[in-house]
file my_file_4.pdb (PDB, C-alpha atoms and all ligand atoms)
ATOM      1  CA  MET O  22      43.448  36.888-124.823
ATOM      2  CA  ALA O  23      45.430  35.543-121.907
ATOM      3  CA  ASN O  24      45.360  37.658-118.787
ATOM      4  CA  LYS O  25      48.545  39.526-117.968
ATOM      5  CA  ALA O  26      50.390  38.631-114.788
ATOM      6  CA  VAL O  27      51.172  41.735-112.746
ATOM      7  CA  ILE O  28      53.359  39.707-110.416
ATOM      8  CA  SER O  29      54.854  36.255-110.661
ATOM      9  CA  ALA O  30      56.587  34.798-107.644
ATOM     10  CA  VAL O  31      58.879  31.911-108.475
ATOM     11  CA  ASN O  32      60.122  29.611-105.749
ATOM     12  CA  ILE O  33      60.296  32.292-103.046
ATOM     13  CA  ARG O  34      62.159  31.256 -99.922
ATOM     14  CA  LYS O  35      62.721  33.428 -96.860
ATOM     15  CA  GLU O  36      65.167  32.553 -94.131
ATOM     16  CA  TYR O  37      65.494  34.729 -91.040
ATOM     17  CA  VAL O  38      68.722  34.583 -89.120
ATOM     18  CA  THR O  39      67.726  34.107 -85.497
ATOM     19  CA  LYS O  40      71.163  33.526 -83.959
ATOM     20  CA  LYS O  41      74.644  34.665 -84.989
ATOM     21  CA  HIS O  42      78.014  34.034 -83.385
ATOM     22  CA  PHE O  43      78.627  37.183 -81.370
ATOM     23  CA  ILE O  44      82.191  37.705 -82.695
ATOM     24  CA  THR O  45      82.514  36.003 -86.079
ATOM     25  CA  GLY O  46      78.958  36.803 -87.183
ATOM     26  CA  LYS O  47      78.619  33.232 -88.458
ATOM     27  CA  ILE O  48      74.991  32.117 -88.716
ATOM     28  CA  LYS O  49      74.189  29.665 -85.945
ATOM     29  CA  GLU O  50      70.441  29.392 -86.299
ATOM     30  CA  LYS O  51      67.902  30.381 -88.907
ATOM     31  CA  TYR O  52      64.179  30.164 -89.266
ATOM     32  CA  VAL O  53      62.604  29.412 -92.635
ATOM     33  CA  ALA O  54      59.410  31.482 -92.859
ATOM     34  CA  VAL O  55      58.607  30.715 -96.513
ATOM     35  CA  LYS O  56      59.754  27.490 -98.135
ATOM     36  CA  GLY O  57      59.602  27.905-101.899
ATOM     37  CA  ALA O  58      56.321  29.537-102.890
ATOM     38  CA  SER O  59      55.266  30.132-106.512
ATOM     39  CA  PHE O  60      52.150  31.905-107.772
ATOM     40  CA  GLU O  61      50.891  34.540-110.205
ATOM     41  CA  ILE O  62      48.575  37.505-109.813
ATOM     42  CA  GLU O  63      46.631  38.584-112.870
ATOM     43  CA  GLU O  64      45.383  42.080-113.641
ATOM     44  CA  GLY O  65      42.111  42.928-111.926
ATOM     45  CA  LYS O  66      42.083  39.742-109.857
ATOM     46  CA  THR O  67      42.347  38.955-106.177
ATOM     47  CA  ILE O  68      44.451  36.221-104.719
ATOM     48  CA  GLY O  69      43.592  35.401-101.103
ATOM     49  CA  ILE O  70      46.100  34.000 -98.649
ATOM     50  CA  VAL O  71      44.877  32.061 -95.632
ATOM     51  CA  GLY O  72      46.711  30.097 -92.997
ATOM     52  CA  GLU O  73      47.394  29.994 -89.293
ATOM     53  CA  SER O  74      49.319  32.718 -87.505
ATOM     54  CA  GLY O  75      53.010  32.457 -88.356
ATOM     55  CA  SER O  76      52.440  30.477 -91.573
ATOM     56  CA  GLY O  77      54.253  33.110 -93.663
ATOM     57  CA  LYS O  78      51.391  35.175 -95.144
ATOM     58  CA  SER O  79      52.770  38.626 -94.336
ATOM     59  CA  THR O  80      56.284  37.602 -95.319
ATOM     60  CA  ILE O  81      55.028  36.672 -98.796
ATOM     61  CA  GLY O  82      53.205  39.999 -99.108
ATOM     62  CA  GLU O  83      56.270  41.961 -98.054
ATOM     63  CA  ILE O  84      58.494  40.123-100.533
ATOM     64  CA  VAL O  85      56.059  40.648-103.412
ATOM     65  CA  GLY O  86      55.841  44.367-102.581
ATOM     66  CA  GLY O  87      59.599  44.831-102.248
ATOM     67  CA  LEU O  88      59.668  45.526 -98.501
ATOM     68  CA  GLN O  89      61.863  42.467 -98.007
ATOM     69  CA  GLU O  90      64.162  40.491-100.289
ATOM     70  CA  PRO O  91      63.722  36.758-100.667
ATOM     71  CA  THR O  92      66.683  34.610 -99.603
ATOM     72  CA  TYR O  93      66.184  32.578-102.778
ATOM     73  CA  GLY O  94      63.733  32.781-105.630
ATOM     74  CA  ASN O  95      62.526  35.640-107.772
ATOM     75  CA  VAL O  96      59.706  38.124-108.127
ATOM     76  CA  PHE O  97      58.727  39.279-111.614
ATOM     77  CA  TYR O  98      56.797  42.504-112.253
ATOM     78  CA  TYR O  99      55.048  42.287-115.622
ATOM     79  CA  GLY O 100      57.454  39.537-116.622
ATOM     80  CA  LYS O 101      60.622  41.344-115.592
ATOM     81  CA  ASN O 102      62.741  40.179-112.681
ATOM     82  CA  ILE O 103      62.733  43.011-110.110
ATOM     83  CA  LYS O 104      66.440  42.399-109.604
ATOM     84  CA  ASP O 105      66.996  43.477-113.227
ATOM     85  CA  LEU O 106      64.890  46.651-113.165
ATOM     86  CA  SER O 107      66.548  49.984-113.858
ATOM     87  CA  GLU O 108      66.346  52.570-111.081
ATOM     88  CA  GLU O 109      63.390  54.232-112.747
ATOM     89  CA  GLU O 110      61.615  50.918-113.391
ATOM     90  CA  TYR O 111      62.175  49.919-109.775
ATOM     91  CA  ARG O 112      60.654  53.191-108.539
ATOM     92  CA  ASN O 113      57.674  52.584-110.784
ATOM     93  CA  TYR O 114      57.281  49.015-109.474
ATOM     94  CA  ARG O 115      57.414  50.179-105.835
ATOM     95  CA  LYS O 116      54.852  52.886-106.573
ATOM     96  CA  SER O 117      52.602  50.444-108.423
ATOM     97  CA  VAL O 118      52.522  47.921-105.594
ATOM     98  CA  GLN O 119      50.920  49.497-102.525
ATOM     99  CA  PHE O 120      50.015  48.194 -99.082
ATOM    100  CA  ILE O 121      47.073  48.465 -96.719
ATOM    101  CA  PHE O 122      47.685  47.143 -93.207
ATOM    102  CA  GLN O 123      45.591  46.027 -90.278
ATOM    103  CA  ASP O 124      46.314  49.095 -88.170
ATOM    104  CA  PRO O 125      45.738  52.188 -90.318
ATOM    105  CA  LYS O 126      46.668  54.589 -87.533
ATOM    106  CA  GLY O 127      49.949  52.803 -86.949
ATOM    107  CA  SER O 128      50.752  53.052 -90.660
ATOM    108  CA  MET O 129      50.360  56.839 -90.677
ATOM    109  CA  ASP O 130      52.692  59.426 -89.188
ATOM    110  CA  PRO O 131      50.739  60.878 -86.232
ATOM    111  CA  ASN O 132      52.433  64.275 -86.669
ATOM    112  CA  TYR O 133      50.878  64.978 -90.067
ATOM    113  CA  LYS O 134      47.360  65.910 -91.084
ATOM    114  CA  ILE O 135      45.543  63.589 -93.516
ATOM    115  CA  SER O 136      45.987  66.147 -96.336
ATOM    116  CA  ASP O 137      49.777  66.085 -95.844
ATOM    117  CA  ILE O 138      49.856  62.286 -95.609
ATOM    118  CA  LEU O 139      48.061  62.063 -98.948
ATOM    119  CA  SER O 140      49.996  64.806-100.702
ATOM    120  CA  MET O 141      53.415  63.298 -99.931
ATOM    121  CA  PRO O 142      53.199  60.355-102.363
ATOM    122  CA  LEU O 143      51.822  62.696-105.046
ATOM    123  CA  LEU O 144      54.616  65.222-104.764
ATOM    124  CA  THR O 145      57.465  62.701-104.425
ATOM    125  CA  THR O 146      56.327  60.755-107.506
ATOM    126  CA  ASP O 147      55.677  63.822-109.677
ATOM    127  CA  ILE O 148      52.040  62.824-110.143
ATOM    128  CA  ALA O 149      51.212  66.345-108.973
ATOM    129  CA  LYS O 150      53.390  69.305-109.960
ATOM    130  CA  ASN O 151      52.462  71.437-106.975
ATOM    131  CA  LYS O 152      50.351  71.539-103.831
ATOM    132  CA  LYS O 153      47.338  72.950-105.638
ATOM    133  CA  GLU O 154      47.293  70.119-108.147
ATOM    134  CA  ALA O 155      47.810  67.603-105.332
ATOM    135  CA  GLY O 156      44.869  69.148-103.457
ATOM    136  CA  LYS O 157      42.506  68.514-106.371
ATOM    137  CA  ILE O 158      43.557  64.873-106.679
ATOM    138  CA  ILE O 159      43.275  64.382-102.906
ATOM    139  CA  ASP O 160      39.721  65.784-102.810
ATOM    140  CA  LYS O 161      38.631  63.458-105.597
ATOM    141  CA  MET O 162      40.220  60.451-103.931
ATOM    142  CA  LEU O 163      38.818  61.177-100.454
ATOM    143  CA  ILE O 164      35.319  61.538-101.861
ATOM    144  CA  ARG O 165      35.755  58.285-103.786
ATOM    145  CA  ALA O 166      36.837  56.593-100.557
ATOM    146  CA  GLY O 167      33.619  57.767 -98.915
ATOM    147  CA  LEU O 168      35.120  60.464 -96.704
ATOM    148  CA  ASP O 169      34.037  63.991 -95.915
ATOM    149  CA  LEU O 170      36.589  66.597 -96.988
ATOM    150  CA  SER O 171      36.714  68.033 -93.468
ATOM    151  CA  ILE O 172      38.946  65.058 -92.684
ATOM    152  CA  LYS O 173      41.847  66.729 -94.482
ATOM    153  CA  ASN O 174      42.606  68.993 -91.522
ATOM    154  CA  LYS O 175      42.570  66.201 -88.979
ATOM    155  CA  TYR O 176      45.369  64.097 -87.576
ATOM    156  CA  PRO O 177      45.108  60.271 -87.710
ATOM    157  CA  ALA O 178      44.431  60.155 -83.958
ATOM    158  CA  GLU O 179      41.386  62.400 -84.413
ATOM    159  CA  ILE O 180      39.439  60.091 -86.733
ATOM    160  CA  SER O 181      37.805  56.676 -86.301
ATOM    161  CA  GLY O 182      39.449  53.377 -87.286
ATOM    162  CA  GLY O 183      37.067  52.980 -90.223
ATOM    163  CA  GLN O 184      37.705  56.530 -91.450
ATOM    164  CA  CYS O 185      41.412  56.000 -91.051
ATOM    165  CA  GLN O 186      41.302  52.776 -93.093
ATOM    166  CA  ARG O 187      39.389  54.652 -95.823
ATOM    167  CA  ALA O 188      42.114  57.311 -95.754
ATOM    168  CA  ALA O 189      44.749  54.552 -96.023
ATOM    169  CA  ILE O 190      42.897  53.151 -99.048
ATOM    170  CA  ALA O 191      42.844  56.653-100.568
ATOM    171  CA  ARG O 192      46.576  56.987 -99.923
ATOM    172  CA  ALA O 193      47.282  53.625-101.584
ATOM    173  CA  LEU O 194      45.128  54.447-104.609
ATOM    174  CA  ILE O 195      46.340  57.971-105.160
ATOM    175  CA  VAL O 196      49.471  56.811-107.027
ATOM    176  CA  ASN O 197      47.461  54.623-109.465
ATOM    177  CA  PRO O 198      48.737  51.248-108.288
ATOM    178  CA  LYS O 199      48.413  47.997-110.231
ATOM    179  CA  LEU O 200      48.379  45.857-107.111
ATOM    180  CA  ILE O 201      47.464  46.483-103.478
ATOM    181  CA  ILE O 202      48.621  44.069-100.823
ATOM    182  CA  CYS O 203      45.898  44.097 -98.182
ATOM    183  CA  ASP O 204      47.298  42.511 -95.021
ATOM    184  CA  GLU O 205      44.398  41.904 -92.604
ATOM    185  CA  PRO O 206      42.819  45.216 -93.705
ATOM    186  CA  VAL O 207      39.555  44.802 -91.809
ATOM    187  CA  SER O 208      40.605  42.656 -88.852
ATOM    188  CA  ALA O 209      40.736  45.594 -86.445
ATOM    189  CA  LEU O 210      37.382  47.066 -87.490
ATOM    190  CA  ASP O 211      33.804  46.555 -86.257
ATOM    191  CA  VAL O 212      31.892  43.980 -88.282
ATOM    192  CA  SER O 213      29.512  46.599 -89.750
ATOM    193  CA  ILE O 214      32.465  48.731 -90.874
ATOM    194  CA  GLN O 215      34.265  45.651 -92.240
ATOM    195  CA  ALA O 216      31.537  45.086 -94.830
ATOM    196  CA  GLN O 217      31.685  48.725 -95.965
ATOM    197  CA  ILE O 218      35.441  48.604 -96.435
ATOM    198  CA  LEU O 219      35.331  45.253 -98.284
ATOM    199  CA  ASN O 220      32.641  46.574-100.610
ATOM    200  CA  LEU O 221      34.626  49.747-101.241
ATOM    201  CA  LEU O 222      37.674  47.652-102.174
ATOM    202  CA  ARG O 223      35.581  45.528-104.528
ATOM    203  CA  GLU O 224      34.001  48.545-106.230
ATOM    204  CA  LEU O 225      37.400  50.168-106.690
ATOM    205  CA  GLN O 226      38.777  46.976-108.179
ATOM    206  CA  LYS O 227      36.007  46.878-110.775
ATOM    207  CA  GLU O 228      36.451  50.546-111.640
ATOM    208  CA  LEU O 229      40.229  50.596-111.799
ATOM    209  CA  ASN O 230      41.126  46.992-112.714
ATOM    210  CA  ILE O 231      43.528  46.748-109.757
ATOM    211  CA  SER O 232      44.751  43.425-108.391
ATOM    212  CA  TYR O 233      44.754  42.545-104.717
ATOM    213  CA  ILE O 234      46.626  40.158-102.529
ATOM    214  CA  PHE O 235      44.170  39.711 -99.720
ATOM    215  CA  ILE O 236      45.605  38.314 -96.515
ATOM    216  CA  SER O 237      43.255  37.413 -93.692
ATOM    217  CA  HIS O 238      42.751  34.839 -90.997
ATOM    218  CA  ASP O 239      39.010  35.179 -91.656
ATOM    219  CA  ILE O 240      38.131  32.586 -94.280
ATOM    220  CA  GLY O 241      34.681  34.088 -94.884
ATOM    221  CA  VAL O 242      36.233  37.443 -95.730
ATOM    222  CA  VAL O 243      38.834  35.864 -98.015
ATOM    223  CA  ASN O 244      36.138  33.873 -99.795
ATOM    224  CA  TYR O 245      34.119  37.075-100.366
ATOM    225  CA  MET O 246      37.101  38.909-101.824
ATOM    226  CA  SER O 247      39.142  36.337-103.747
ATOM    227  CA  ASP O 248      39.190  34.722-107.173
ATOM    228  CA  THR O 249      41.868  32.258-106.149
ATOM    229  CA  ILE O 250      43.166  31.189-102.761
ATOM    230  CA  LEU O 251      46.523  30.038-101.460
ATOM    231  CA  VAL O 252      46.473  28.018 -98.256
ATOM    232  CA  MET O 253      49.695  28.377 -96.266
ATOM    233  CA  ASN O 254      50.910  25.993 -93.621
ATOM    234  CA  ASN O 255      54.243  26.505 -91.938
ATOM    235  CA  GLY O 256      55.820  28.392 -94.857
ATOM    236  CA  THR O 257      54.466  26.133 -97.607
ATOM    237  CA  ILE O 258      51.525  26.599 -99.976
ATOM    238  CA  VAL O 259      49.711  23.344 -99.266
ATOM    239  CA  GLU O 260      46.703  23.967-101.485
ATOM    240  CA  SER O 261      45.655  26.526-104.081
ATOM    241  CA  GLY O 262      42.977  27.067-106.690
ATOM    242  CA  GLU O 263      39.687  28.773-107.414
ATOM    243  CA  ALA O 264      38.332  30.166-104.123
ATOM    244  CA  LYS O 265      35.037  28.279-104.206
ATOM    245  CA  ASN O 266      36.717  24.989-105.107
ATOM    246  CA  VAL O 267      39.282  25.223-102.356
ATOM    247  CA  LEU O 268      36.752  26.175 -99.688
ATOM    248  CA  LEU O 269      33.876  23.896-100.701
ATOM    249  CA  ASN O 270      36.080  20.987-101.673
ATOM    250  CA  PRO O 271      39.291  21.159 -99.690
ATOM    251  CA  LYS O 272      41.747  18.396-100.526
ATOM    252  CA  GLU O 273      44.191  18.858 -97.675
ATOM    253  CA  LYS O 274      43.528  17.911 -94.072
ATOM    254  CA  TYR O 275      45.051  21.228 -92.979
ATOM    255  CA  THR O 276      42.596  23.237 -95.120
ATOM    256  CA  LYS O 277      39.669  21.205 -93.777
ATOM    257  CA  LYS O 278      40.811  21.922 -90.227
ATOM    258  CA  LEU O 279      41.175  25.635 -91.005
ATOM    259  CA  ILE O 280      37.627  25.786 -92.404
ATOM    260  CA  GLU O 281      36.192  23.826 -89.478
ATOM    261  CA  SER O 282      37.835  26.094 -86.918
ATOM    262  CA  ALA O 283      36.480  29.139 -88.765
ATOM    263  CA  PHE O 284      32.951  27.882 -88.108
ATOM    264  CA  LEU O 285      33.706  27.454 -84.420
ATOM    265  CA  GLU O 286      34.805  31.069 -83.909
TER     266      GLU O 286
HETATM  267  N1  LIG B   1      62.315  39.465 -88.761
HETATM  268  C1  LIG B   1      62.066  38.206 -88.380
HETATM  269  N2  LIG B   1      63.000  37.467 -87.735
HETATM  270  C2  LIG B   1      62.750  36.194 -87.370
HETATM  271  N3  LIG B   1      61.599  35.542 -87.617
HETATM  272  C3  LIG B   1      60.630  36.231 -88.237
HETATM  273  C4  LIG B   1      60.798  37.597 -88.645
HETATM  274  N4  LIG B   1      59.660  38.009 -89.250
HETATM  275  C5  LIG B   1      58.813  36.958 -89.206
HETATM  276  N5  LIG B   1      59.385  35.900 -88.603
HETATM  277  C6  LIG B   1      58.782  34.564 -88.403
HETATM  278  O1  LIG B   1      58.395  34.044 -89.651
HETATM  279  C7  LIG B   1      57.151  33.347 -89.542
HETATM  280  C8  LIG B   1      56.154  33.886 -90.540
HETATM  281  O2  LIG B   1      55.786  35.204 -90.153
HETATM  282  P1  LIG B   1      54.623  36.018 -90.877
HETATM  283  O3  LIG B   1      54.567  37.340 -90.236
HETATM  284  O4  LIG B   1      54.827  35.972 -92.344
HETATM  285  O5  LIG B   1      53.330  35.141 -90.498
HETATM  286  P2  LIG B   1      51.785  35.428 -90.780
HETATM  287  O6  LIG B   1      51.242  34.234 -91.499
HETATM  288  O7  LIG B   1      51.620  36.743 -91.416
HETATM  289  O8  LIG B   1      51.201  35.430 -89.285
HETATM  290  P3  LIG B   1      49.999  36.325 -88.655
HETATM  291  O9  LIG B   1      48.709  35.672 -89.101
HETATM  292  O10 LIG B   1      50.216  36.176 -87.183
HETATM  293  O11 LIG B   1      50.154  37.726 -89.123
HETATM  294  C9  LIG B   1      56.703  33.476 -88.090
HETATM  295  O12 LIG B   1      57.036  32.310 -87.404
HETATM  296  C10 LIG B   1      57.517  34.651 -87.569
HETATM  297  O13 LIG B   1      57.771  34.514 -86.200
HETATM  298 MG    MG B   2      50.750  38.554 -90.780
END

call {"tool": "encode", "arguments": {"input": "my_file_4.pdb", "output": "structure tokens", "more": "lines below"}}
Ligand SMILES: Nc1ncnc2c1ncn2[C@@H]1O[C@H](COP(=O)(O)OP(=O)(O)OP(=O)(O)O)[C@@H](O)[C@H]1O
Ligand SMILES: [Mg+2]
result
Amino acid sequence: MANKAVISAVNIRKEYVTKKHFITGKIKEKYVAVKGASFEIEEGKTIGIVGESGSGKSTIGEIVGGLQEPTYGNVFYYGKNIKDLSEEEYRNYRKSVQFIFQDPKGSMDPNYKISDILSMPLLTTDIAKNKKEAGKIIDKMLIRAGLDLSIKNKYPAEISGGQCQRAAIARALIVNPKLIICDEPVSALDVSIQAQILNLLRELQKELNISYIFISHDIGVVNYMSDTILVMNNGTIVESGEAKNVLLNPKEKYTKKLIESAFLE
């Protein structure tokens, strides 16, 4: 049976307006961050995105997850154009595509305890009917993410970066997503903690059949996590394919350079 595509991106282009006429509002200058990218993400699989800083990796992730609209092109969620989704379908799509970012503390409201941060998505999506029900789900999820339950009463500032990233993973998973967009999820962590978080993500993927978009400037990390890889250069996917093929047998000069510089770090 053919694998189902959770997301298909077709010819995504993103233009940012960088200069407008100060009275007429007419666009005077724009920057093209993504220049027509197409790819598919299958259930339970990981697609890695590598490329230099500014090549458009995060922009692609944000468009796929609905945080930004493409200027041209379309995103399909299980075969349906997200522009054509009903309100309820759109809410379901946004819930089913979650994000994990580089800076877990920055992605959490510092004024709330971890238990509140995790109960919010449960209560707003009706996954839990009340606080008590939410509490049970939160406990299960925190334990699964490798955290002690005492963390519930702490604020993000009171826990370590690794603990906070585990809590962010728990928050992403708590709404039963189909896809998690991981944008440099371990780049800010100590190397020893990085491995723990990557292994946790891999275990969870096996258990729950979730898909990942895994964005990182670290080619070794992307290789460890990904089934397929997209190589981005200046807004264009210059090379893509099975992770091992792309990294062991790069066709493009740009990819070769990227791999070489990774060994020099
Ligand atoms: N809101 C914006 N307005 C103008 N230009 C933007 C905006 N957001 C991003 N850009 C530009 O678009 C390009 C792609 O940005 P993006 O954040 O996707 O890169 P990236 O590959 O994720 O880089 P990094 O590895 O540094 O995170 C960059 O040149 C960036 O400066
Ligand atoms: Mg980025």

call {"tool": "resolve_selection", "arguments": {"input": "my_file_4.pdb", "expression": "the PyMOL selection byres (((chain O and resi 27) around 6) and not hetatm)", "output": "list of chain:residue names"}}
result
O:Ala26, O:Ile28, O:Ile62, O:Glu63, O:Glu64, O:Tyr98, O:Tyr99

call {"tool": "resolve_selection", "arguments": {"input": "my_file_4.pdb", "expression": "the PyMOL selection byres (((not hetatm)) within 7 of (chain B and resi 2))", "output": "list in words"}}
result
Ser74, Gly75, Lys78, Ser79 and Asp204 of chain O

call {"tool": "closest_atom_pairs", "arguments": {"input": "my_file_4.pdb", "of": "chain O", "to": "ligand LIG 1 (chain B)", "cutoff": "12 Å", "atoms": "only C-alpha atoms and all ligand atoms", "output": "CSV"}}
result
residue,atom,partner,partner_atom,distance
O:Arg34,CA,B:LIG1,O1,11.3
O:Lys35,CA,B:LIG1,O1,8.4
O:Glu36,CA,B:LIG1,N3,8.0
O:Tyr37,CA,B:LIG1,C2,4.8
O:Val38,CA,B:LIG1,C2,6.4
O:Thr39,CA,B:LIG1,C2,5.7
O:Lys40,CA,B:LIG1,C2,9.5
O:Glu50,CA,B:LIG1,C2,10.3
O:Lys51,CA,B:LIG1,C2,7.9
O:Tyr52,CA,B:LIG1,N3,6.2
O:Val53,CA,B:LIG1,O1,6.9
O:Ala54,CA,B:LIG1,O1,4.2
O:Val55,CA,B:LIG1,C8,7.2
O:Lys56,CA,B:LIG1,C8,10.6
O:Ile70,CA,B:LIG1,O6,8.8
O:Val71,CA,B:LIG1,O6,7.9
O:Gly72,CA,B:LIG1,O6,6.3
O:Glu73,CA,B:LIG1,O9,5.8
O:Ser74,CA,B:LIG1,O9,3.4
O:Gly75,CA,B:LIG1,O5,3.4
O:Ser76,CA,B:LIG1,O6,3.9
O:Gly77,CA,B:LIG1,O4,3.2
O:Lys78,CA,B:LIG1,O6,3.8
O:Ser79,CA,B:LIG1,O7,3.7
O:Thr80,CA,B:LIG1,O4,3.7
O:Ile81,CA,B:LIG1,O4,6.5
O:Gly82,CA,B:LIG1,O4,8.0
O:Glu83,CA,B:LIG1,O4,8.4
O:Ile84,CA,B:LIG1,O4,9.9
O:Leu88,CA,B:LIG1,N1,11.8
O:Gln89,CA,B:LIG1,N1,9.7
O:Glu90,CA,B:LIG1,N1,11.7
O:Phe122,CA,B:LIG1,O11,10.6
O:Gln123,CA,B:LIG1,O11,9.5
O:Cys203,CA,B:LIG1,O7,11.5
O:Asp204,CA,B:LIG1,O7,8.1
O:Glu205,CA,B:LIG1,O11,7.9
O:Pro206,CA,B:LIG1,O11,11.4
O:Ser208,CA,B:LIG1,O9,10.7
O:Phe235,CA,B:LIG1,O7,11.5
O:Ile236,CA,B:LIG1,O7,8.0
O:Ser237,CA,B:LIG1,O9,7.3
O:His238,CA,B:LIG1,O9,6.3
O:Asp239,CA,B:LIG1,O9,10.0
O:Leu251,CA,B:LIG1,O6,11.8
O:Val252,CA,B:LIG1,O6,10.3
O:Met253,CA,B:LIG1,O6,7.7
O:Asn254,CA,B:LIG1,O6,8.5
O:Asn255,CA,B:LIG1,C8,7.8
O:Gly256,CA,B:LIG1,C8,7.0
O:Thr257,CA,B:LIG1,C8,10.6
O:Ile258,CA,B:LIG1,O6,11.4

call {"tool": "atom_distance", "arguments": {"input": "my_file_4.pdb", "atom1": "atom CA of O:Arg223", "atom2": "atom CA of O:Tyr114"}}
result
22.5 Å

call {"tool": "resolve_selection", "arguments": {"input": "my_file_4.pdb", "expression": "the PyMOL selection byres (((chain O and resi 146) around 9) and not hetatm)", "output": "list in words"}}
result
Arg112, Asn113, Lys116, Met141, Pro142, Leu143, Leu144, Thr145, Asp147, Ile148, Ala149 and Val196 of chain O

call {"tool": "atom_distance", "arguments": {"input": "my_file_4.pdb", "atom1": "atom CA of O:Tyr176", "atom2": "atom CA of O:Tyr133"}}
result
6.1 Å

call {"tool": "atom_distance", "arguments": {"input": "my_file_4.pdb", "atom1": "atom CA of O:Phe60", "atom2": "atom CA of O:Asn32"}}
result
8.5 Å

call {"tool": "closest_residue", "arguments": {"input": "my_file_4.pdb", "among": "O:Pro125, O:Pro177, O:Gly65, O:Pro131", "to": "O:Asn230", "atoms": "only C-alpha atoms"}}
result
O:Gly65

call {"tool": "residues_around", "arguments": {"input": "my_file_4.pdb", "residues": "stretch 161-163 of chain O", "least_positions_apart": "4", "cutoff": "12 Å", "atoms": "all atoms listed in the file", "output": "CSV table (one decimal) with C-alpha atoms, in the coordinates of the input"}}
result
chain,number,residue,atom,x,y,z
O,135,ILE,CA,45.5,63.6,-93.5
O,136,SER,CA,46.0,66.1,-96.3
O,139,LEU,CA,48.1,62.1,-98.9
O,140,SER,CA,50.0,64.8,-100.7
O,143,LEU,CA,51.8,62.7,-105.0
O,154,GLU,CA,47.3,70.1,-108.1
O,155,ALA,CA,47.8,67.6,-105.3
O,156,GLY,CA,44.9,69.1,-103.5
O,157,LYS,CA,42.5,68.5,-106.4
O,167,GLY,CA,33.6,57.8,-98.9
O,168,LEU,CA,35.1,60.5,-96.7
O,169,ASP,CA,34.0,64.0,-95.9
O,170,LEU,CA,36.6,66.6,-97.0
O,171,SER,CA,36.7,68.0,-93.5
O,172,ILE,CA,38.9,65.1,-92.7
O,173,LYS,CA,41.8,66.7,-94.5
O,184,GLN,CA,37.7,56.5,-91.4
O,185,CYS,CA,41.4,56.0,-91.1
O,186,GLN,CA,41.3,52.8,-93.1
O,187,ARG,CA,39.4,54.7,-95.8
O,188,ALA,CA,42.1,57.3,-95.8
O,189,ALA,CA,44.7,54.6,-96.0
O,190,ILE,CA,42.9,53.2,-99.0
O,191,ALA,CA,42.8,56.7,-100.6
O,192,ARG,CA,46.6,57.0,-99.9
O,193,ALA,CA,47.3,53.6,-101.6
O,194,LEU,CA,45.1,54.4,-104.6
O,195,ILE,CA,46.3,58.0,-105.2
O,196,VAL,CA,49.5,56.8,-107.0
O,197,ASN,CA,47.5,54.6,-109.5
O,225,LEU,CA,37.4,50.2,-106.7
